[in-house]
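Trainee: To be precise about what I am sending: the file is called entry-v3.txt and holds compact mmCIF, C-alpha atoms.
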# COMPACT_ATOMS: atom_id res chain seq x y z
CA MET A 1 138.83 41.86 165.47
CA ARG A 2 140.94 44.99 166.06
CA PHE A 3 137.83 46.96 166.94
CA ILE A 4 136.13 44.49 169.23
CA GLY A 5 139.45 43.66 170.89
CA ASN A 6 139.79 47.30 171.92
CA VAL A 7 136.20 47.34 173.20
CA ILE A 8 136.87 44.22 175.29
CA GLU A 9 140.06 45.71 176.71
CA LYS A 10 138.23 48.87 177.80
CA LEU A 11 135.33 46.94 179.36
CA GLN A 12 137.70 44.71 181.34
CA ARG A 13 138.67 47.80 183.34
CA HIS A 14 135.00 48.53 184.17
CA PRO A 15 133.06 45.22 184.20
CA LYS A 16 129.28 45.42 183.84
CA ARG A 17 126.15 43.32 184.38
CA VAL A 18 124.34 42.24 181.21
CA VAL A 19 121.06 40.32 181.07
CA PHE A 20 120.34 37.75 178.35
CA PRO A 21 116.62 36.82 178.33
CA GLU A 22 117.12 33.87 175.94
CA GLY A 23 118.71 31.67 178.56
CA THR A 24 118.53 28.33 176.75
CA GLU A 25 119.67 29.58 173.33
CA PRO A 26 123.01 27.83 172.53
CA ARG A 27 124.70 30.94 171.08
CA ILE A 28 123.62 33.00 174.07
CA LEU A 29 125.02 30.40 176.47
CA GLN A 30 128.34 30.42 174.64
CA ALA A 31 128.46 34.23 174.52
CA ALA A 32 127.56 34.51 178.22
CA ARG A 33 130.32 32.08 179.13
CA GLN A 34 132.85 34.07 177.07
CA PHE A 35 131.61 37.31 178.63
CA TYR A 36 132.50 35.96 182.07
CA SER A 37 135.72 34.23 180.98
CA LEU A 38 137.04 37.46 179.46
CA ARG A 39 136.32 39.29 182.74
CA LEU A 40 133.83 41.63 181.09
CA GLY A 41 131.37 41.43 183.96
CA ALA A 42 128.46 39.37 185.22
CA PRO A 43 126.22 37.67 182.64
CA ILE A 44 122.65 36.94 183.77
CA LEU A 45 120.50 34.35 181.98
CA LEU A 46 116.71 34.32 182.28
CA GLY A 47 114.55 31.21 182.09
CA ASP A 48 113.86 27.88 183.72
CA ARG A 49 116.94 26.94 185.72
CA SER A 50 116.85 23.21 184.93
CA LYS A 51 116.35 23.80 181.21
CA ILE A 52 119.24 26.26 181.09
CA LYS A 53 121.50 23.81 182.92
CA ASP A 54 120.49 20.98 180.58
CA ALA A 55 121.16 23.14 177.52
CA ALA A 56 124.56 24.14 178.88
CA ALA A 57 125.44 20.53 179.68
CA GLN A 58 124.61 19.45 176.12
CA LEU A 59 126.98 22.11 174.82
CA ASN A 60 129.61 21.35 177.48
CA VAL A 61 129.45 25.03 178.49
CA SER A 62 130.37 25.86 182.07
CA LEU A 63 127.95 28.08 183.98
CA GLU A 64 130.57 29.18 186.49
CA GLY A 65 130.16 32.90 187.09
CA VAL A 66 126.83 32.96 185.22
CA ARG A 67 123.76 33.93 187.23
CA ILE A 68 120.39 32.34 186.36
CA ILE A 69 117.04 33.91 187.22
CA ASN A 70 113.67 32.28 186.62
CA PRO A 71 111.15 35.15 186.46
CA ALA A 72 108.39 32.89 187.79
CA GLU A 73 110.40 32.20 190.97
CA SER A 74 112.00 35.61 191.38
CA GLU A 75 111.58 37.57 194.60
CA ASP A 76 111.27 40.69 192.43
CA LEU A 77 108.33 39.41 190.40
CA ASP A 78 105.59 41.09 192.46
CA SER A 79 107.33 44.48 192.50
CA PHE A 80 108.02 44.23 188.76
CA VAL A 81 104.35 43.43 188.15
CA GLN A 82 103.28 46.47 190.15
CA ARG A 83 105.74 48.70 188.31
CA TYR A 84 104.66 47.45 184.90
CA GLU A 85 100.97 47.86 185.74
CA LEU A 86 101.71 51.44 186.80
CA VAL A 87 103.71 52.17 183.67
CA ARG A 88 101.01 50.77 181.37
CA ARG A 89 97.91 51.79 183.34
CA THR A 90 96.86 54.37 180.75
CA LYS A 91 96.82 51.56 178.17
CA GLY A 92 94.32 49.61 180.24
CA ILE A 93 96.71 46.96 181.50
CA LYS A 94 95.41 45.06 184.55
CA VAL A 95 97.44 43.27 187.22
CA LYS A 96 96.76 39.83 185.71
CA GLU A 97 98.01 40.96 182.31
CA ALA A 98 101.00 42.67 183.92
CA ARG A 99 101.94 39.43 185.65
CA GLU A 100 101.70 37.49 182.40
CA ALA A 101 103.96 40.04 180.74
CA MET A 102 106.56 39.88 183.53
CA LEU A 103 106.75 36.10 183.20
CA ASN A 104 108.05 36.72 179.67
CA PRO A 105 111.88 36.91 179.93
CA ASN A 106 112.11 39.85 177.52
CA TYR A 107 109.71 41.90 179.64
CA TYR A 108 111.37 40.81 182.87
CA GLY A 109 114.81 41.65 181.45
CA ALA A 110 113.66 45.06 180.26
CA MET A 111 112.37 45.81 183.74
CA MET A 112 115.69 44.75 185.26
CA VAL A 113 117.42 47.30 183.03
CA ALA A 114 114.87 50.00 183.83
CA MET A 115 115.25 49.40 187.58
CA HIS A 116 119.07 49.52 187.31
CA GLN A 117 119.50 45.91 188.42
CA VAL A 118 121.62 45.34 185.32
CA ASP A 119 123.62 47.62 183.05
CA GLY A 120 122.52 46.31 179.66
CA PHE A 121 120.13 44.04 177.76
CA ILE A 122 120.84 41.62 174.86
CA SER A 123 118.11 39.66 173.07
CA GLY A 124 116.93 38.71 169.59
CA ALA A 125 119.00 35.62 168.77
CA SER A 126 115.85 33.48 168.59
CA GLU A 127 113.16 36.18 168.62
CA PHE A 128 111.48 38.36 166.01
CA THR A 129 112.53 42.00 166.26
CA GLY A 130 109.13 43.06 167.59
CA SER A 131 109.35 40.60 170.48
CA THR A 132 112.60 42.22 171.55
CA LEU A 133 111.79 45.86 170.91
CA ARG A 134 108.23 46.00 172.25
CA PRO A 135 109.15 45.37 175.93
CA LEU A 136 112.02 47.84 175.74
CA PHE A 137 109.92 50.61 174.20
CA GLN A 138 107.09 50.02 176.68
CA ILE A 139 109.23 49.94 179.81
CA ILE A 140 112.34 52.02 179.11
CA LYS A 141 111.74 55.64 178.22
CA VAL A 142 113.44 57.59 175.45
CA ALA A 143 116.57 59.32 176.69
CA PRO A 144 116.44 62.96 177.79
CA GLN A 145 116.80 65.58 175.05
CA THR A 146 115.76 63.18 172.28
CA THR A 147 112.44 61.95 170.96
CA THR A 148 113.57 59.13 168.68
CA ALA A 149 114.50 55.51 169.37
CA SER A 150 116.41 53.93 166.50
CA SER A 151 119.25 51.47 165.90
CA CYS A 152 122.77 51.23 164.59
CA MET A 153 124.99 48.56 163.06
CA ILE A 154 128.73 48.79 163.67
CA MET A 155 130.70 47.33 160.79
CA GLU A 156 134.39 46.46 160.71
CA VAL A 157 135.86 45.75 157.27
CA GLU A 158 139.39 44.59 156.47
CA ASP A 159 140.23 47.62 154.37
CA THR A 160 141.23 50.24 156.93
CA ARG A 161 140.89 53.04 154.37
CA PHE A 162 137.16 53.01 154.95
CA GLY A 163 135.52 54.74 157.90
CA GLU A 164 137.69 54.96 161.00
CA ASN A 165 140.42 52.35 160.44
CA GLY A 166 137.82 50.08 158.87
CA VAL A 167 135.04 50.77 161.38
CA MET A 168 131.78 52.38 160.24
CA PHE A 169 128.52 53.15 162.03
CA LEU A 170 125.38 52.57 159.92
CA ALA A 171 121.89 53.77 160.93
CA ASP A 172 118.96 53.31 161.06
CA CYS A 173 119.06 49.65 160.06
CA GLY A 174 116.33 48.19 162.24
CA VAL A 175 113.61 50.40 163.73
CA ILE A 176 112.03 53.32 161.81
CA PRO A 177 110.75 52.49 158.29
CA GLU A 178 110.38 56.06 156.99
CA PRO A 179 111.91 58.61 159.36
CA THR A 180 110.73 62.21 159.31
CA VAL A 181 113.20 65.09 159.01
CA ASP A 182 113.30 65.42 162.80
CA GLN A 183 113.73 61.66 163.32
CA LEU A 184 116.47 61.48 160.69
CA ALA A 185 118.33 64.28 162.44
CA ASP A 186 117.94 62.51 165.79
CA ILE A 187 119.26 59.27 164.28
CA ALA A 188 122.30 61.11 162.92
CA VAL A 189 123.10 62.77 166.24
CA SER A 190 122.53 59.61 168.33
CA THR A 191 124.77 57.58 166.02
CA ALA A 192 127.44 60.27 166.10
CA LEU A 193 127.32 60.24 169.91
CA LEU A 194 127.79 56.46 169.90
CA ALA A 195 130.75 56.73 167.50
CA ARG A 196 132.41 59.33 169.69
CA GLN A 197 131.81 57.31 172.85
CA ILE A 198 132.97 53.95 171.48
CA LEU A 199 135.95 55.12 169.41
CA GLY A 200 136.77 58.48 171.01
CA ILE A 201 136.92 60.14 167.58
CA ARG A 202 135.30 63.13 165.89
CA PRO A 203 132.29 61.77 164.02
CA ARG A 204 132.14 62.54 160.30
CA VAL A 205 128.50 61.98 159.42
CA ALA A 206 127.29 61.44 155.85
CA MET A 207 123.55 61.84 155.26
CA LEU A 208 123.09 59.46 152.35
CA SER A 209 120.92 59.69 149.26
CA TYR A 210 120.99 58.78 145.57
CA SER A 211 121.98 62.40 144.92
CA THR A 212 125.07 64.43 145.78
CA LYS A 213 124.42 68.12 146.47
CA GLY A 214 121.55 68.58 144.07
CA SER A 215 122.58 66.19 141.29
CA ALA A 216 118.93 65.07 141.35
CA THR A 217 115.70 66.59 142.65
CA HIS A 218 112.96 64.81 144.57
CA PRO A 219 111.05 65.39 147.84
CA THR A 220 113.01 62.57 149.51
CA ILE A 221 116.25 64.41 148.73
CA GLY A 222 114.88 67.58 150.26
CA ARG A 223 114.13 65.62 153.42
CA VAL A 224 117.78 64.52 153.68
CA GLN A 225 118.99 68.07 153.07
CA ALA A 226 116.73 69.44 155.80
CA ALA A 227 117.74 66.66 158.20
CA THR A 228 121.43 67.46 157.63
CA ALA A 229 121.00 71.07 158.68
CA LEU A 230 118.83 70.12 161.64
CA ALA A 231 121.30 67.45 162.80
CA GLN A 232 124.09 70.03 162.89
CA GLN A 233 121.90 72.29 165.03
CA LYS A 234 120.95 69.48 167.41
CA ALA A 235 124.59 68.41 167.73
CA SER A 236 125.66 71.96 168.55
CA ARG A 237 123.00 72.21 171.27
CA LYS A 238 124.30 69.00 172.82
CA GLY A 239 127.89 70.21 172.68
CA LEU A 240 128.78 67.39 170.29
CA GLU A 241 131.73 68.22 168.06
CA ALA A 242 130.96 66.47 164.80
CA ASP A 243 130.80 67.19 161.06
CA PHE A 244 127.61 66.57 159.07
CA ASP A 245 127.24 66.71 155.31
CA GLY A 246 124.47 65.77 152.92
CA GLU A 247 122.92 64.85 150.75
CA LEU A 248 125.73 62.51 149.61
CA GLN A 249 125.87 59.40 147.46
CA VAL A 250 127.64 56.61 149.28
CA ASP A 251 130.67 56.58 146.98
CA ALA A 252 131.18 60.30 147.54
CA ALA A 253 130.88 59.66 151.27
CA ILE A 254 133.53 56.96 151.63
CA ILE A 255 135.91 57.12 148.63
CA PRO A 256 138.42 60.02 148.73
CA GLU A 257 139.12 60.03 145.00
CA ILE A 258 135.45 60.47 144.13
CA ALA A 259 134.91 62.99 146.91
CA SER A 260 137.84 65.09 145.70
CA ARG A 261 136.12 65.50 142.33
CA LYS A 262 132.61 66.11 143.64
CA LEU A 263 133.14 67.89 146.97
CA PRO A 264 136.77 68.94 147.45
CA GLU A 265 135.93 71.29 150.35
CA SER A 266 133.84 68.85 152.39
CA LYS A 267 135.11 67.71 155.80
CA VAL A 268 133.00 64.56 155.54
CA ALA A 269 133.03 63.44 151.90
CA GLY A 270 135.51 60.65 151.25
CA HIS A 271 136.16 60.12 154.96
CA ALA A 272 132.75 59.44 156.55
CA ASN A 273 132.78 57.13 159.55
CA VAL A 274 129.03 57.44 160.21
CA LEU A 275 126.55 56.64 157.42
CA ILE A 276 122.92 57.69 157.89
CA PHE A 277 120.41 56.13 155.48
CA PRO A 278 117.25 57.90 154.33
CA ASP A 279 114.98 54.98 155.24
CA LEU A 280 114.94 51.51 156.77
CA ASN A 281 114.86 49.72 153.42
CA SER A 282 118.17 51.18 152.30
CA GLY A 283 119.79 50.89 155.73
CA ASN A 284 118.87 47.26 156.32
CA ILE A 285 119.77 46.17 152.78
CA ALA A 286 123.10 48.00 152.81
CA SER A 287 124.15 46.66 156.22
CA LYS A 288 123.48 43.06 155.21
CA LEU A 289 125.29 43.54 151.89
CA VAL A 290 128.35 44.91 153.66
CA GLN A 291 128.26 42.11 156.22
CA HIS A 292 128.01 39.24 153.75
CA VAL A 293 129.62 40.49 150.54
CA ALA A 294 132.53 42.29 152.24
CA ARG A 295 132.63 39.65 155.01
CA ALA A 296 132.56 42.40 157.57
CA ASN A 297 132.35 41.85 161.30
CA ALA A 298 128.86 43.14 162.12
CA TYR A 299 127.73 44.19 165.59
CA GLY A 300 124.15 45.22 166.21
CA GLN A 301 121.47 46.26 166.25
CA ILE A 302 122.68 48.64 168.97
CA LEU A 303 119.58 50.51 170.10
CA LEU A 304 119.85 54.29 170.16
CA GLY A 305 117.80 56.93 171.91
CA LEU A 306 116.78 54.83 174.92
CA ASP A 307 117.99 55.95 178.32
CA ARG A 308 119.49 52.52 179.05
CA PRO A 309 121.84 50.44 176.84
CA ALA A 310 120.24 47.56 174.92
CA ALA A 311 120.65 45.62 171.69
CA ASP A 312 118.54 43.48 169.38
CA VAL A 313 120.91 40.95 167.85
CA SER A 314 120.15 39.26 164.55
CA ARG A 315 118.81 35.73 164.44
CA GLY A 316 121.71 35.07 162.06
CA SER A 317 124.31 36.09 164.65
CA ASN A 318 126.90 33.64 165.92
CA ALA A 319 128.23 33.50 169.48
CA HIS A 320 131.16 35.78 168.64
CA ASP A 321 128.81 38.40 167.19
CA ILE A 322 126.67 38.29 170.32
CA LEU A 323 129.72 38.56 172.57
CA GLY A 324 130.83 41.62 170.60
CA VAL A 325 127.42 43.26 170.94
CA ALA A 326 127.36 42.50 174.69
CA ALA A 327 130.80 44.09 175.06
CA ILE A 328 129.65 47.20 173.17
CA VAL A 329 126.51 47.50 175.31
CA GLY A 330 128.63 47.08 178.43
CA LEU A 331 131.03 49.77 177.24
CA GLN A 332 128.09 52.07 176.47
CA SER A 333 126.88 51.79 180.04
CA ILE A 334 130.18 53.08 181.44
CA ALA A 335 129.57 56.60 180.17
CA TYR A 336 125.79 56.46 179.72
CA ASP A 337 125.13 58.86 182.55
CA GLU A 338 127.49 61.34 180.91
CA LEU A 339 125.60 61.09 177.64
CA HIS A 340 122.19 61.24 179.35
CA PRO A 341 122.79 62.84 182.76
CA ASP A 342 119.08 63.03 183.65
CA ALA A 343 118.33 59.38 182.91
CA ALA A 344 119.78 57.79 186.04
CA LYS A 345 117.72 60.04 188.28
CA LYS A 346 114.37 58.87 186.95
CA THR A 347 112.25 55.77 187.28
CA PRO A 348 110.74 54.06 184.22
CA ARG A 349 107.70 55.59 182.63
CA GLU A 350 105.66 54.71 179.63
CA GLY A 351 107.58 54.62 176.37
CA ARG A 352 106.09 53.84 173.01
CA PRO A 353 103.05 51.58 172.53
Starting from the coordinates I provided, produce the structure as structure tokens.
Mentor:
Amino acid sequence: MRFIGNVIEKLQRHPKRVVFPEGTEPRILQAARQFYSLRLGAPILLGDRSKIKDAAAQLNVSLEGVRIINPAESEDLDSFVQRYELVRRTKGIKVKEAREAMLNPNYYGAMMVAMHQVDGFISGASEFTGSTLRPLFQIIKVAPQTTTASSCMIMEVEDTRFGENGVMFLADCGVIPEPTVDQLADIAVSTALLARQILGIRPRVAMLSYSTKGSATHPTIGRVQAATALAQQKASRKGLEADFDGELQVDAAIIPEIASRKLPESKVAGHANVLIFPDLNSGNIASKLVQHVARANAYGQILLGLDRPAADVSRGSNAHDILGVAAIVGLQSIAYDELHPDAAKKTPREGRP
């Protein structure tokens, strides 16, 4: 709660507009209401107006301050259809198919973000990951100076000795199954940028493996070693002041006593606040273990590498988790133009298929 309380306090000074495509989902309704009540900005729900009002009434949730948009009745529908058809023309999309897509709240919400009608996008509470990510990757381009879209979980544990006063950034936990060296380096730099932006600290990035500095040999270890060096280069080109080290076992990365024996000269070992996993299997498994076994507050998946802030929340999230993610996405949008100065000047183009 320390972490998310600070995020909320910062966002209250710069309220933002966040769209929630799952307008009738009970946890989304509760989170949207809290978002408005805490003066974080303007929540926007997508869906059939009468169904959303009925769902809110059943939960006794006030919709004061909450805007509702039905894509089918929206005055922007035709222009969104034209934009989507243009963006996807090379994929053979016709106007009829574009209209069907824009009637889907996730597609409509993604277009709202791309057209700067809202500052952030939150979905996934009742959707499979693909249903959330596909519209975003098709409509919102990858941010300038990066080629990789990935995701991050922000974990807050009670023991403040870990990470940054108990806060750790874990990636990639939701998008790329087997990242290449270049993708792994991009993931590390994007996550470090998020850590710096959200916490205002110097990121200490551990590139994780089952080996520490050559204690084992395998091609997968070589990939982590190469990604570590490349991440440092990419960070330097971006002017990001951060420390990268790898390959590291996770205990050497986060436990000072172990790090002092294995890597006494490392700036990262024993004090890492950003943990980069070698593949999606390890990242997803580890994040869920930390969340449930350590009873950590978990906020994510925060999407990285896109030129607009968005998140794919877990179907297991509660309303408080979703509120926390919405606050993080809102806070991201405050300085997004500083992180990606070319993004705001461009209109949406085709992303990934």
Trainee: Quick one, how far is atom CA of Tyr210 of chain A from atom CA of Arg161 of chain A?
Mentor: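 These atoms are spaced 22.5 Å apart.
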Trainee: Near segment 4-15 of chain A, counting all atoms listed in the file, which residues have an atom at most 7 Å away, once you skip same-chain residues fewer than 6 positions from it, shown as a ChimeraX atom specification?
Mentor: /A:39-41,324,327-328,330-331
Trainee: Please compute the atom CA of Glu156 of chain A-atom CA of Glu247 of chain A distance, one decimal, in Å.
Mentor: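 Here the two named atoms are 23.9 Å from each other.
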Trainee: One decimal, in Å: what's the spacing between atom CA of Ala188 of chain A and atom CA of Leu263 of chain A?
Mentor: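 Computing it gives 20.4 Å between the two atoms.
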Trainee: Which one of A:Glu241, A:Thr132, A:Arg49, A:Asn273 sits closest to Ile255 of chain A if you count all atoms listed in the file?
Mentor: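 That would be A:Asn273, the residue with the smallest distance to Ile255 of chain A.
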Trainee: Rank nothing, just name the residue among A:Asn318, A:Ser209, A:Gln249, A:Gln183 nearest to Thr147 of chain A, using all atoms listed in the file.
Mentor: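 Once distances to Thr147 of chain A are computed over all atoms listed in the file, the minimum belongs to A:Gln183.
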Trainee: Taking only C-alpha atoms into account, name the residue in A:Leu193, A:Cys173, A:Ile201, A:Leu323 that is nearest to Gly283 of chain A.
Mentor: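 Among the listed residues, the smallest separation from Gly283 of chain A belongs to A:Cys173.
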Trainee: Measuring atom to atom with all atoms listed in the file, identify which of A:Ser215, A:Ile139, A:Gly130, A:Arg33 is nearest to Ala114 of chain A.
Mentor: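 So, comparing all the options, the nearest one is A:Ile139.
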Trainee: Could you name the residues that touch segment 177-180 of chain A at 10 Å or less, counting only C-alpha atoms, but leaving out those on the same chain fewer than 6 positions away, as a ChimeraX atom specification?
Mentor: /A:148,150,186-187,223-224,227,277-284
